[in-house]
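A.B. asks: Structure provided below as structure tokens; questions to follow.
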Amino acid sequence: MNKTENKTEVIVVGAGPAGIACAITLAKAGKEVVLIERGLFAGSKNVFGGAIYTQAVKEVFPDFEKNAPLERRNIEHNYLILGEKDSTNISYRKSDNSSYSIVRAKFDRWMAEEARNAGVYIVEETVVRELIKDKNKVIGVRTELEEYYADIVVLADGVNSLLAKQIGLRKNIDTKDVALSVKEVVKLDKDTINQRFHLKDDEGSIVEIFGGPMLGMLGLGFMYTNEDCITIGLGVTLNELVEANYRPFEMLERLKQHPSIAPLVEGGTLKEYSAHLIPEGGYKKIPKLVDNGVMIVGDAAMLVNNLHWEGTNLAMISGKLAAETAIEALDCGDFSKKSLSAYPKRLQKSFVLKDMKTYKDLFDVMHQRKRAFLSYYLKKVNAFFEMFTSSDCVPKKDHYHKFIKSIFTDRKISELFKDVWAIVRLLWSILL
Amino acid sequence: MNIDDKLYTLKYSVDTKSHLNPDNEQCRLCESRCCTYICPAGVYEWNEESQSLIVNYENCLECGACRIACERKSIGWQYPKGTKGVTFKQG
Ligand SMILES: Cc1cc2nc3c(=O)[nH]c(=O)nc-3n(C[C@H](O)[C@H](O)[C@H](O)COP(=O)(O)OP(=O)(O)OC[C@H]3O[C@@H](n4cnc5c(N)ncnc54)[C@H](O)[C@@H]3O)c2cc1C
Ligand code: SF4
Ligand code: SF4
């Protein structure tokens, strides 16, 4: 076997934000990179909410605001708590934005084109089936047709990362550590969207949805505005779906029928339905990030900040930091695990692992207290406003007393203590 | 709107061979058959008569949920060939 023919300096598997950010950073430093993507084009297998975050994208594509296919600049963030028939909305609006809505099939494709122009060699419609190892170093990849060799292989193959699993860097994924998300893109004309979401021109709005069909489950819904369509979806932890015996698309139908959501999507036509997993294991489930000749970036490394719907930014920055490590390794010709462990060190210093660490206990607490925080208290928020806004000739004081009393009669005192303790513990772990 | 109408919005290039291969021996013993409801594309259906799982692999969205959720961890699960499977135009 001639290993030199198909040999390059770095192979990156997967052309999502992580892989592309990694590949273009390497190419700009004059390194030889092959980026392998299984889809017809970059983005054709990718699904997200969603919003990309300006600062992180700028770190890799400084001028993207001038050239990239962007939908709307988000100026409003809504937190919508759905009850059975009612809802409470907290809305924050600010005219200068820090994120844009985009369409992955267009945006990822644009990023890949930029990478190609910078010198990245992109191979599309090709699945990497296996990593090739020599003794204990990864030396290349086996696709359906060919073998490619490299000094370093970067795994940017997304949440399922069958490749990280193959070489033992990642364990089997637990159903508790991923959320299954379904999403619809609904076509509406631009004026209708602007009217319904109180926007003008290319302003955009984000809606994060709690409760409703996800009540009591570890799940969130979302809506984003694109130029002439809106996206609506939800993500629920997989173990909850399994236990509840729910079909995810039926939950989405129920969400769309909620009296607070229905008027927003009314009259729209379905442009595309899709589904995707979201890593949800948090800091404690981050796999080993390096081994001899190999690094893992983005969703493959479980780098997602679920509470803030951040993933693309962690993906891009991790890809960039892996590239910087690869550049040093190539310059000194050392591809060992020791040399590449500069990558996790860089990640530790960046917001990526710092944020992951901040929320390290979030999911444990939420799994334990979900009936309280994702059902009872959500209902209580709506119940409070129902009481506060009612005008029924009953003295207000009586309403207040009844409401406060209900908290102590609905739940055992011991449960209330556990709730308070959980919040204290969570805040402690987040802030300290 | 039912699932067929939803899937109708997607572009697929269908392979002649399934990339999803559950082990039917295990499926017979399986209690939850959770793949038949958690799948976002309704790919799996249980056929009582033949006591086997019907796999409508051509509708698969390639999310990977069934691989992780399978009660008996017994789905032979691969990505479709590079030229096959679903293509999202929005995503
Ligand atoms: C419903 C949903 C909503 C989200 N909303 C947001 C949001 O609003 N904002 C945000 O920042 N993040 C959001 N995220 C998270 C974000 O989408 C991910 O964190 C991000 O896409 C990760 O980038 P990545 O490059 O690591 O992986 P991906 O984007 O998944 O890319 C992986 C790539 O690898 C390819 N691939 C996989 N295996 C192989 C193989 N064997 N051979 C060749 N190619 C392969 C895939 O085709 C794909 O192109 C959301 C995610 C979901 C599912
Ligand atoms: S969950 Fe797994 S074992 Fe059970 S029926 Fe489905 S594929 Fe078969
Ligand atoms: S990968 Fe996803 S869409 Fe495909 S069969 Fe499994 S659960 Fe269904």
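Please note that chains go A, B, ... in the order of the structure tokens, that every chain numbers its residues from 1, and that ligands are numbered from 1 in the order shown.
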For chain B against ligand 2, with a cut-off of 8 Å and counting only C-alpha atoms and all ligand atoms, what is the closest atom pair and its distance in Å to one decimal for every residue that makes the cut, ordered by chain and number, as a tab-separated table?
C.D. replies:
```
residue	atom	partner	partner_atom_place_in_ligand_line	distance
B:Pro22	CA	ligand 2	7 (S)	5.0
B:Asp23	CA	ligand 2	8 (Fe)	6.5
B:Asn24	CA	ligand 2	8 (Fe)	6.3
B:Gln26	CA	ligand 2	3 (S)	5.0
B:Cys27	CA	ligand 2	8 (Fe)	3.4
B:Arg28	CA	ligand 2	5 (S)	7.0
B:Leu29	CA	ligand 2	3 (S)	7.3
B:Cys30	CA	ligand 2	4 (Fe)	4.5
B:Glu31	CA	ligand 2	4 (Fe)	6.8
B:Ser32	CA	ligand 2	4 (Fe)	6.3
B:Arg33	CA	ligand 2	5 (S)	3.9
B:Cys34	CA	ligand 2	1 (S)	4.8
B:Cys35	CA	ligand 2	6 (Fe)	4.4
B:Thr36	CA	ligand 2	6 (Fe)	6.5
B:Tyr44	CA	ligand 2	6 (Fe)	7.4
B:Trp46	CA	ligand 2	5 (S)	7.5
B:Leu53	CA	ligand 2	5 (S)	6.6
B:Cys66	CA	ligand 2	1 (S)	7.3
B:Arg67	CA	ligand 2	2 (Fe)	7.9
B:Ala69	CA	ligand 2	1 (S)	6.8
B:Cys70	CA	ligand 2	1 (S)	3.8
B:Glu71	CA	ligand 2	1 (S)	4.5
B:Arg72	CA	ligand 2	3 (S)	4.7
B:Lys73	CA	ligand 2	2 (Fe)	6.1
B:Ser74	CA	ligand 2	2 (Fe)	5.7
B:Ile75	CA	ligand 2	7 (S)	5.5
```
A.B. asks: Got a sec to tell me which of segment 167-320 of chain A DSSP assigns to alpha helix (DSSP H), as number ranges by chain?
C.D. replies: A: 190-196, 238-244, 248-257, 262-265, 312-320
A.B. asks: Could those selected residues go to a file with C-alpha atoms, as a compact mmCIF listing (two decimals), in the first residue's frame?
C.D. replies:
```txt
# COMPACT_ATOMS: atom_id res chain seq x y z
CA LYS A 190 -42.34 39.22 4.94
CA ASP A 191 -44.97 41.82 5.84
CA THR A 192 -47.05 39.27 7.73
CA ILE A 193 -44.00 38.19 9.73
CA ASN A 194 -43.11 41.80 10.51
CA GLN A 195 -46.65 42.51 11.66
CA ARG A 196 -47.03 39.41 13.80
CA LEU A 238 -34.58 11.34 24.40
CA ASN A 239 -35.15 9.35 27.60
CA GLU A 240 -38.26 11.46 28.28
CA LEU A 241 -39.70 10.71 24.85
CA VAL A 242 -39.04 7.02 25.35
CA GLU A 243 -40.68 7.03 28.78
CA ALA A 244 -43.66 9.17 27.78
CA PRO A 248 -42.11 14.05 18.54
CA PHE A 249 -43.99 15.38 15.49
CA GLU A 250 -47.29 15.06 17.34
CA MET A 251 -45.86 17.19 20.15
CA LEU A 252 -44.90 19.79 17.57
CA GLU A 253 -48.45 19.74 16.19
CA ARG A 254 -49.75 20.36 19.71
CA LEU A 255 -47.31 23.24 20.15
CA LYS A 256 -48.49 24.82 16.89
CA GLN A 257 -52.10 24.55 18.04
CA ALA A 262 -51.46 29.35 16.49
CA PRO A 263 -52.02 33.00 15.44
CA LEU A 264 -48.29 33.35 14.71
CA VAL A 265 -48.16 30.43 12.26
CA THR A 312 -22.46 26.88 16.41
CA ASN A 313 -20.27 29.36 18.29
CA LEU A 314 -18.71 26.68 20.51
CA ALA A 315 -18.27 24.55 17.39
CA MET A 316 -16.49 27.29 15.43
CA ILE A 317 -14.20 28.36 18.26
CA SER A 318 -13.29 24.75 19.11
CA GLY A 319 -12.54 24.15 15.42
CA LYS A 320 -10.34 27.23 15.31
```
A.B. asks: Could you pull out the strand (DSSP E or B) residues of segment 40-76 of chain B, going by DSSP on the backbone, and write them as number ranges by chain?
C.D. replies: B: 44-47, 52-55, 75-76
A.B. asks: For ligand 3, collect every residue having any atom at a distance of at most 10 Å from a ligand atom (counting only C-alpha atoms and all ligand atoms); output as a PDB file with N, CA and C atoms, in the first residue's frame.
C.D. replies:
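The resulting file, pocket-v1.pdb, is shown below:
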```
ATOM      1  N   LEU A 180     -33.857  15.047  21.241  1.00  0.00           N
ATOM      2  CA  LEU A 180     -34.295  14.900  19.855  1.00  0.00           C
ATOM      3  C   LEU A 180     -35.142  16.115  19.514  1.00  0.00           C
ATOM      4  N   SER A 274     -37.908  18.781   9.465  1.00  0.00           N
ATOM      5  CA  SER A 274     -36.599  18.164   9.682  1.00  0.00           C
ATOM      6  C   SER A 274     -36.441  17.711  11.128  1.00  0.00           C
ATOM      7  N   ALA A 275     -35.391  16.964  11.390  1.00  0.00           N
ATOM      8  CA  ALA A 275     -35.106  16.501  12.751  1.00  0.00           C
ATOM      9  C   ALA A 275     -33.603  16.368  12.939  1.00  0.00           C
ATOM     10  N   HIS A 276     -33.163  16.495  14.175  1.00  0.00           N
ATOM     11  CA  HIS A 276     -31.729  16.403  14.484  1.00  0.00           C
ATOM     12  C   HIS A 276     -31.572  16.194  15.981  1.00  0.00           C
ATOM     13  N   LEU A 277     -30.460  15.586  16.374  1.00  0.00           N
ATOM     14  CA  LEU A 277     -30.159  15.458  17.799  1.00  0.00           C
ATOM     15  C   LEU A 277     -29.363  16.672  18.279  1.00  0.00           C
TER      16      LEU A 277
ATOM     17  N   HIS B  19     -29.926   1.303   5.133  1.00  0.00           N
ATOM     18  CA  HIS B  19     -28.781   1.622   5.997  1.00  0.00           C
ATOM     19  C   HIS B  19     -29.133   1.369   7.468  1.00  0.00           C
ATOM     20  N   LEU B  20     -30.396   0.942   7.712  1.00  0.00           N
ATOM     21  CA  LEU B  20     -30.861   0.664   9.072  1.00  0.00           C
ATOM     22  C   LEU B  20     -31.190  -0.812   9.161  1.00  0.00           C
ATOM     23  N   ASN B  21     -30.495  -1.535  10.028  1.00  0.00           N
ATOM     24  CA  ASN B  21     -30.715  -2.976  10.088  1.00  0.00           C
ATOM     25  C   ASN B  21     -30.915  -3.487  11.505  1.00  0.00           C
ATOM     26  N   CYS B  34     -39.716   1.039  21.326  1.00  0.00           N
ATOM     27  CA  CYS B  34     -39.747   2.500  21.359  1.00  0.00           C
ATOM     28  C   CYS B  34     -39.409   3.113  20.001  1.00  0.00           C
ATOM     29  N   CYS B  35     -38.676   2.390  19.165  1.00  0.00           N
ATOM     30  CA  CYS B  35     -38.340   2.939  17.844  1.00  0.00           C
ATOM     31  C   CYS B  35     -39.603   3.278  17.050  1.00  0.00           C
ATOM     32  N   THR B  36     -40.709   2.563  17.351  1.00  0.00           N
ATOM     33  CA  THR B  36     -41.929   2.784  16.562  1.00  0.00           C
ATOM     34  C   THR B  36     -42.634   4.094  16.924  1.00  0.00           C
ATOM     35  N   TYR B  37     -42.254   4.709  18.049  1.00  0.00           N
ATOM     36  CA  TYR B  37     -42.857   6.021  18.314  1.00  0.00           C
ATOM     37  C   TYR B  37     -41.867   7.172  18.409  1.00  0.00           C
ATOM     38  N   ILE B  38     -40.627   6.931  18.852  1.00  0.00           N
ATOM     39  CA  ILE B  38     -39.732   8.103  18.976  1.00  0.00           C
ATOM     40  C   ILE B  38     -39.201   8.588  17.625  1.00  0.00           C
ATOM     41  N   CYS B  39     -39.194   7.743  16.612  1.00  0.00           N
ATOM     42  CA  CYS B  39     -38.607   8.148  15.330  1.00  0.00           C
ATOM     43  C   CYS B  39     -39.363   9.342  14.732  1.00  0.00           C
ATOM     44  N   PRO B  40     -38.657  10.422  14.428  1.00  0.00           N
ATOM     45  CA  PRO B  40     -39.331  11.618  13.911  1.00  0.00           C
ATOM     46  C   PRO B  40     -39.851  11.454  12.481  1.00  0.00           C
ATOM     47  N   ALA B  41     -39.532  10.328  11.844  1.00  0.00           N
ATOM     48  CA  ALA B  41     -40.025  10.116  10.493  1.00  0.00           C
ATOM     49  C   ALA B  41     -40.938   8.887  10.413  1.00  0.00           C
ATOM     50  N   GLY B  42     -41.270   8.317  11.540  1.00  0.00           N
ATOM     51  CA  GLY B  42     -42.140   7.142  11.552  1.00  0.00           C
ATOM     52  C   GLY B  42     -41.593   5.998  10.699  1.00  0.00           C
ATOM     53  N   VAL B  43     -40.288   5.791  10.765  1.00  0.00           N
ATOM     54  CA  VAL B  43     -39.660   4.784   9.909  1.00  0.00           C
ATOM     55  C   VAL B  43     -40.042   3.356  10.307  1.00  0.00           C
ATOM     56  N   TYR B  44     -40.192   3.112  11.604  1.00  0.00           N
ATOM     57  CA  TYR B  44     -40.406   1.738  12.073  1.00  0.00           C
ATOM     58  C   TYR B  44     -41.878   1.442  12.392  1.00  0.00           C
ATOM     59  N   VAL B  55     -39.223  -1.598   8.167  1.00  0.00           N
ATOM     60  CA  VAL B  55     -38.294  -0.465   8.215  1.00  0.00           C
ATOM     61  C   VAL B  55     -38.436   0.365   6.935  1.00  0.00           C
ATOM     62  N   ASN B  56     -39.143   1.479   7.055  1.00  0.00           N
ATOM     63  CA  ASN B  56     -39.284   2.360   5.884  1.00  0.00           C
ATOM     64  C   ASN B  56     -38.058   3.270   5.791  1.00  0.00           C
ATOM     65  N   TYR B  57     -36.904   2.655   5.519  1.00  0.00           N
ATOM     66  CA  TYR B  57     -35.625   3.389   5.619  1.00  0.00           C
ATOM     67  C   TYR B  57     -35.559   4.568   4.671  1.00  0.00           C
ATOM     68  N   GLU B  58     -36.375   4.521   3.602  1.00  0.00           N
ATOM     69  CA  GLU B  58     -36.317   5.611   2.620  1.00  0.00           C
ATOM     70  C   GLU B  58     -36.806   6.937   3.194  1.00  0.00           C
ATOM     71  N   ASN B  59     -37.506   6.902   4.346  1.00  0.00           N
ATOM     72  CA  ASN B  59     -37.986   8.140   4.973  1.00  0.00           C
ATOM     73  C   ASN B  59     -37.054   8.687   6.045  1.00  0.00           C
ATOM     74  N   CYS B  60     -35.958   7.998   6.294  1.00  0.00           N
ATOM     75  CA  CYS B  60     -35.087   8.329   7.428  1.00  0.00           C
ATOM     76  C   CYS B  60     -34.494   9.732   7.297  1.00  0.00           C
ATOM     77  N   LEU B  61     -34.452  10.451   8.424  1.00  0.00           N
ATOM     78  CA  LEU B  61     -33.874  11.791   8.461  1.00  0.00           C
ATOM     79  C   LEU B  61     -32.433  11.770   8.976  1.00  0.00           C
ATOM     80  N   GLU B  62     -31.935  10.581   9.256  1.00  0.00           N
ATOM     81  CA  GLU B  62     -30.534  10.368   9.639  1.00  0.00           C
ATOM     82  C   GLU B  62     -30.157  11.048  10.946  1.00  0.00           C
ATOM     83  N   CYS B  63     -31.124  11.143  11.865  1.00  0.00           N
ATOM     84  CA  CYS B  63     -30.843  11.856  13.115  1.00  0.00           C
ATOM     85  C   CYS B  63     -30.058  11.008  14.105  1.00  0.00           C
ATOM     86  N   GLY B  64     -30.238   9.700  14.066  1.00  0.00           N
ATOM     87  CA  GLY B  64     -29.495   8.824  14.985  1.00  0.00           C
ATOM     88  C   GLY B  64     -30.239   8.483  16.271  1.00  0.00           C
ATOM     89  N   ALA B  65     -31.453   9.013  16.434  1.00  0.00           N
ATOM     90  CA  ALA B  65     -32.185   8.798  17.697  1.00  0.00           C
ATOM     91  C   ALA B  65     -32.478   7.318  17.954  1.00  0.00           C
ATOM     92  N   CYS B  66     -32.872   6.584  16.919  1.00  0.00           N
ATOM     93  CA  CYS B  66     -33.240   5.179  17.125  1.00  0.00           C
ATOM     94  C   CYS B  66     -32.036   4.352  17.573  1.00  0.00           C
ATOM     95  N   ARG B  67     -30.882   4.681  17.050  1.00  0.00           N
ATOM     96  CA  ARG B  67     -29.661   3.955  17.409  1.00  0.00           C
ATOM     97  C   ARG B  67     -29.407   4.051  18.910  1.00  0.00           C
ATOM     98  N   ILE B  68     -29.622   5.262  19.453  1.00  0.00           N
ATOM     99  CA  ILE B  68     -29.365   5.494  20.872  1.00  0.00           C
ATOM    100  C   ILE B  68     -30.514   4.964  21.730  1.00  0.00           C
ATOM    101  N   ALA B  69     -31.754   5.119  21.239  1.00  0.00           N
ATOM    102  CA  ALA B  69     -32.916   4.774  22.061  1.00  0.00           C
ATOM    103  C   ALA B  69     -33.237   3.280  22.059  1.00  0.00           C
ATOM    104  N   CYS B  70     -32.848   2.570  21.037  1.00  0.00           N
ATOM    105  CA  CYS B  70     -33.212   1.147  20.886  1.00  0.00           C
ATOM    106  C   CYS B  70     -33.020   0.402  22.200  1.00  0.00           C
ATOM    107  N   ILE B  75     -29.739  -2.055  16.698  1.00  0.00           N
ATOM    108  CA  ILE B  75     -29.938  -1.596  15.317  1.00  0.00           C
ATOM    109  C   ILE B  75     -28.568  -1.431  14.661  1.00  0.00           C
ATOM    110  N   TRP B  77     -26.686   0.425  12.467  1.00  0.00           N
ATOM    111  CA  TRP B  77     -27.016   1.788  12.011  1.00  0.00           C
ATOM    112  C   TRP B  77     -25.818   2.405  11.315  1.00  0.00           C
ATOM    113  N   GLN B  78     -26.023   2.821  10.082  1.00  0.00           N
ATOM    114  CA  GLN B  78     -24.956   3.466   9.322  1.00  0.00           C
ATOM    115  C   GLN B  78     -25.516   4.713   8.677  1.00  0.00           C
ATOM    116  N   TYR B  79     -24.639   5.649   8.313  1.00  0.00           N
ATOM    117  CA  TYR B  79     -25.108   6.724   7.445  1.00  0.00           C
ATOM    118  C   TYR B  79     -25.307   6.129   6.055  1.00  0.00           C
ATOM    119  N   GLY B  85     -29.782   9.304   0.583  1.00  0.00           N
ATOM    120  CA  GLY B  85     -30.412   9.811   1.797  1.00  0.00           C
ATOM    121  C   GLY B  85     -31.085  11.158   1.613  1.00  0.00           C
ATOM    122  N   VAL B  86     -31.308  11.830   2.743  1.00  0.00           N
ATOM    123  CA  VAL B  86     -32.080  13.060   2.737  1.00  0.00           C
ATOM    124  C   VAL B  86     -31.179  14.266   2.410  1.00  0.00           C
TER     125      VAL B  86
END
```
A.B. asks: Please identify all residues of chain A having at least one atom at most 8 Å from any atom of chain B, considering only C-alpha atoms, and return them as an mmCIF file with N, CA and C atoms, in the first residue's frame.
C.D. replies:
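New file iface.cif:
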```cif
data_model
loop_
_atom_site.group_PDB
_atom_site.id
_atom_site.type_symbol
_atom_site.label_atom_id
_atom_site.label_comp_id
_atom_site.auth_asym_id
_atom_site.auth_seq_id
_atom_site.Cartn_x
_atom_site.Cartn_y
_atom_site.Cartn_z
ATOM 1 N N ARG A 38 -20.241 14.192 4.077
ATOM 2 C CA ARG A 38 -21.064 13.123 3.515
ATOM 3 C C ARG A 38 -22.231 13.653 2.682
ATOM 4 N N GLY A 39 -22.666 14.886 2.938
ATOM 5 C CA GLY A 39 -23.821 15.436 2.223
ATOM 6 C C GLY A 39 -23.487 15.853 0.797
ATOM 7 N N LEU A 40 -24.571 16.135 0.064
ATOM 8 C CA LEU A 40 -24.444 16.599 -1.318
ATOM 9 C C LEU A 40 -23.607 17.870 -1.375
ATOM 10 N N GLY A 43 -23.911 21.566 4.652
ATOM 11 C CA GLY A 43 -25.188 22.118 5.130
ATOM 12 C C GLY A 43 -26.373 21.258 4.749
ATOM 13 N N SER A 44 -26.200 20.380 3.768
ATOM 14 C CA SER A 44 -27.355 19.630 3.268
ATOM 15 C C SER A 44 -27.848 18.560 4.236
ATOM 16 N N LYS A 45 -27.063 18.258 5.277
ATOM 17 C CA LYS A 45 -27.514 17.284 6.277
ATOM 18 C C LYS A 45 -27.704 17.972 7.631
ATOM 19 N N ASN A 46 -27.592 19.297 7.654
ATOM 20 C CA ASN A 46 -27.530 19.975 8.950
ATOM 21 C C ASN A 46 -28.811 20.746 9.281
ATOM 22 N N VAL A 47 -29.162 20.694 10.553
ATOM 23 C CA VAL A 47 -30.404 21.315 11.028
ATOM 24 C C VAL A 47 -30.093 22.074 12.314
ATOM 25 N N PHE A 48 -30.623 23.272 12.453
ATOM 26 C CA PHE A 48 -30.542 23.950 13.769
ATOM 27 C C PHE A 48 -31.719 24.880 13.939
ATOM 28 N N VAL A 103 -30.160 30.237 7.380
ATOM 29 C CA VAL A 103 -30.602 28.929 6.892
ATOM 30 C C VAL A 103 -29.335 28.092 6.690
ATOM 31 N N ARG A 104 -29.247 26.970 7.392
ATOM 32 C CA ARG A 104 -27.997 26.200 7.383
ATOM 33 C C ARG A 104 -27.590 25.763 5.974
ATOM 34 N N ALA A 105 -28.585 25.341 5.174
ATOM 35 C CA ALA A 105 -28.248 24.843 3.839
ATOM 36 C C ALA A 105 -27.603 25.951 2.997
ATOM 37 N N LYS A 106 -27.885 27.204 3.331
ATOM 38 C CA LYS A 106 -27.239 28.296 2.598
ATOM 39 C C LYS A 106 -25.965 28.751 3.293
ATOM 40 N N GLU A 124 -17.027 16.202 -1.291
ATOM 41 C CA GLU A 124 -18.416 16.058 -0.870
ATOM 42 C C GLU A 124 -18.978 14.687 -1.239
ATOM 43 N N GLU A 125 -20.187 14.419 -0.779
ATOM 44 C CA GLU A 125 -20.883 13.156 -1.049
ATOM 45 C C GLU A 125 -20.038 11.941 -0.705
ATOM 46 N N THR A 126 -19.274 12.060 0.370
ATOM 47 C CA THR A 126 -18.370 10.981 0.752
ATOM 48 C C THR A 126 -18.436 10.747 2.256
ATOM 49 N N VAL A 127 -18.782 9.521 2.643
ATOM 50 C CA VAL A 127 -18.882 9.186 4.064
ATOM 51 C C VAL A 127 -17.566 8.571 4.526
ATOM 52 N N GLU A 144 -15.965 5.262 1.524
ATOM 53 C CA GLU A 144 -16.562 4.133 0.804
ATOM 54 C C GLU A 144 -15.660 3.661 -0.328
ATOM 55 N N ASN A 160 -23.559 12.515 16.532
ATOM 56 C CA ASN A 160 -23.493 11.046 16.577
ATOM 57 C C ASN A 160 -22.065 10.503 16.597
ATOM 58 N N ASN A 172 -20.709 4.977 24.502
ATOM 59 C CA ASN A 172 -22.072 4.992 23.975
ATOM 60 C C ASN A 172 -22.821 6.183 24.536
ATOM 61 N N ILE A 173 -23.639 6.817 23.719
ATOM 62 C CA ILE A 173 -24.410 7.958 24.209
ATOM 63 C C ILE A 173 -25.612 7.439 24.990
ATOM 64 N N ASP A 174 -25.858 8.040 26.136
ATOM 65 C CA ASP A 174 -27.019 7.691 26.935
ATOM 66 C C ASP A 174 -28.221 8.496 26.456
ATOM 67 N N THR A 175 -29.437 7.905 26.573
ATOM 68 C CA THR A 175 -30.628 8.651 26.118
ATOM 69 C C THR A 175 -30.846 9.932 26.939
ATOM 70 N N LEU A 180 -33.857 15.047 21.241
ATOM 71 C CA LEU A 180 -34.295 14.900 19.855
ATOM 72 C C LEU A 180 -35.142 16.115 19.514
ATOM 73 N N VAL A 182 -37.402 18.252 16.586
ATOM 74 C CA VAL A 182 -38.097 18.303 15.294
ATOM 75 C C VAL A 182 -38.418 19.757 15.001
ATOM 76 N N VAL A 185 -40.115 24.607 8.930
ATOM 77 C CA VAL A 185 -39.939 25.930 8.352
ATOM 78 C C VAL A 185 -41.255 26.274 7.660
ATOM 79 N N LEU A 238 -34.128 12.592 25.006
ATOM 80 C CA LEU A 238 -34.577 11.343 24.395
ATOM 81 C C LEU A 238 -35.185 10.375 25.417
ATOM 82 N N ASN A 239 -34.608 10.307 26.619
ATOM 83 C CA ASN A 239 -35.154 9.354 27.598
ATOM 84 C C ASN A 239 -36.590 9.723 27.988
ATOM 85 N N LEU A 241 -38.827 11.133 25.952
ATOM 86 C CA LEU A 241 -39.698 10.706 24.851
ATOM 87 C C LEU A 241 -39.971 9.215 24.948
ATOM 88 N N VAL A 242 -38.904 8.468 25.236
ATOM 89 C CA VAL A 242 -39.043 7.019 25.346
ATOM 90 C C VAL A 242 -40.019 6.680 26.467
ATOM 91 N N ASN A 245 -43.668 7.780 25.745
ATOM 92 C CA ASN A 245 -44.346 7.150 24.644
ATOM 93 C C ASN A 245 -44.897 8.171 23.644
ATOM 94 N N TYR A 246 -44.155 9.268 23.462
ATOM 95 C CA TYR A 246 -44.641 10.346 22.592
ATOM 96 C C TYR A 246 -44.008 10.285 21.213
ATOM 97 N N ARG A 247 -44.776 10.681 20.230
ATOM 98 C CA ARG A 247 -44.213 10.900 18.903
ATOM 99 C C ARG A 247 -43.825 12.369 18.817
ATOM 100 N N PRO A 248 -42.568 12.661 18.489
ATOM 101 C CA PRO A 248 -42.109 14.053 18.542
ATOM 102 C C PRO A 248 -42.891 14.987 17.613
ATOM 103 N N PHE A 249 -43.284 14.488 16.419
ATOM 104 C CA PHE A 249 -43.990 15.383 15.490
ATOM 105 C C PHE A 249 -45.405 15.679 15.967
ATOM 106 N N GLU A 253 -47.101 19.350 16.619
ATOM 107 C CA GLU A 253 -48.450 19.739 16.192
ATOM 108 C C GLU A 253 -49.200 20.397 17.348
ATOM 109 N N LEU A 270 -46.139 24.767 4.938
ATOM 110 C CA LEU A 270 -44.930 24.060 5.373
ATOM 111 C C LEU A 270 -43.920 23.979 4.227
ATOM 112 N N LYS A 271 -42.745 24.526 4.482
ATOM 113 C CA LYS A 271 -41.699 24.521 3.460
ATOM 114 C C LYS A 271 -40.790 23.310 3.655
ATOM 115 N N GLU A 272 -40.469 23.007 4.903
ATOM 116 C CA GLU A 272 -39.620 21.841 5.159
ATOM 117 C C GLU A 272 -39.767 21.370 6.595
ATOM 118 N N TYR A 273 -39.794 20.048 6.732
ATOM 119 C CA TYR A 273 -39.792 19.405 8.053
ATOM 120 C C TYR A 273 -38.415 18.789 8.239
ATOM 121 N N SER A 274 -37.908 18.781 9.465
ATOM 122 C CA SER A 274 -36.599 18.164 9.682
ATOM 123 C C SER A 274 -36.441 17.711 11.128
ATOM 124 N N ALA A 275 -35.391 16.964 11.390
ATOM 125 C CA ALA A 275 -35.106 16.501 12.751
ATOM 126 C C ALA A 275 -33.603 16.368 12.939
ATOM 127 N N HIS A 276 -33.163 16.495 14.175
ATOM 128 C CA HIS A 276 -31.729 16.403 14.484
ATOM 129 C C HIS A 276 -31.572 16.194 15.981
ATOM 130 N N LEU A 277 -30.460 15.586 16.374
ATOM 131 C CA LEU A 277 -30.159 15.458 17.799
ATOM 132 C C LEU A 277 -29.363 16.672 18.279
#
```
A.B. asks: As a quick test: using only C-alpha atoms and all ligand atoms, which residues lie no more than 7 Å away from ligand 1? Give them as a PyMOL selection string.
C.D. replies: chain A and resi 13-19+36-39+42-43+45-53+126-129+156-159+161-163+181-183+233-235+276-278+297-300+303-304+309-313+315
A.B. asks: Find the residue from A:His367, A:Glu71, A:Thr358, A:Glu328 that sits nearest to Cys229 of chain A; use only C-alpha atoms when measuring.
C.D. replies: A:Glu71
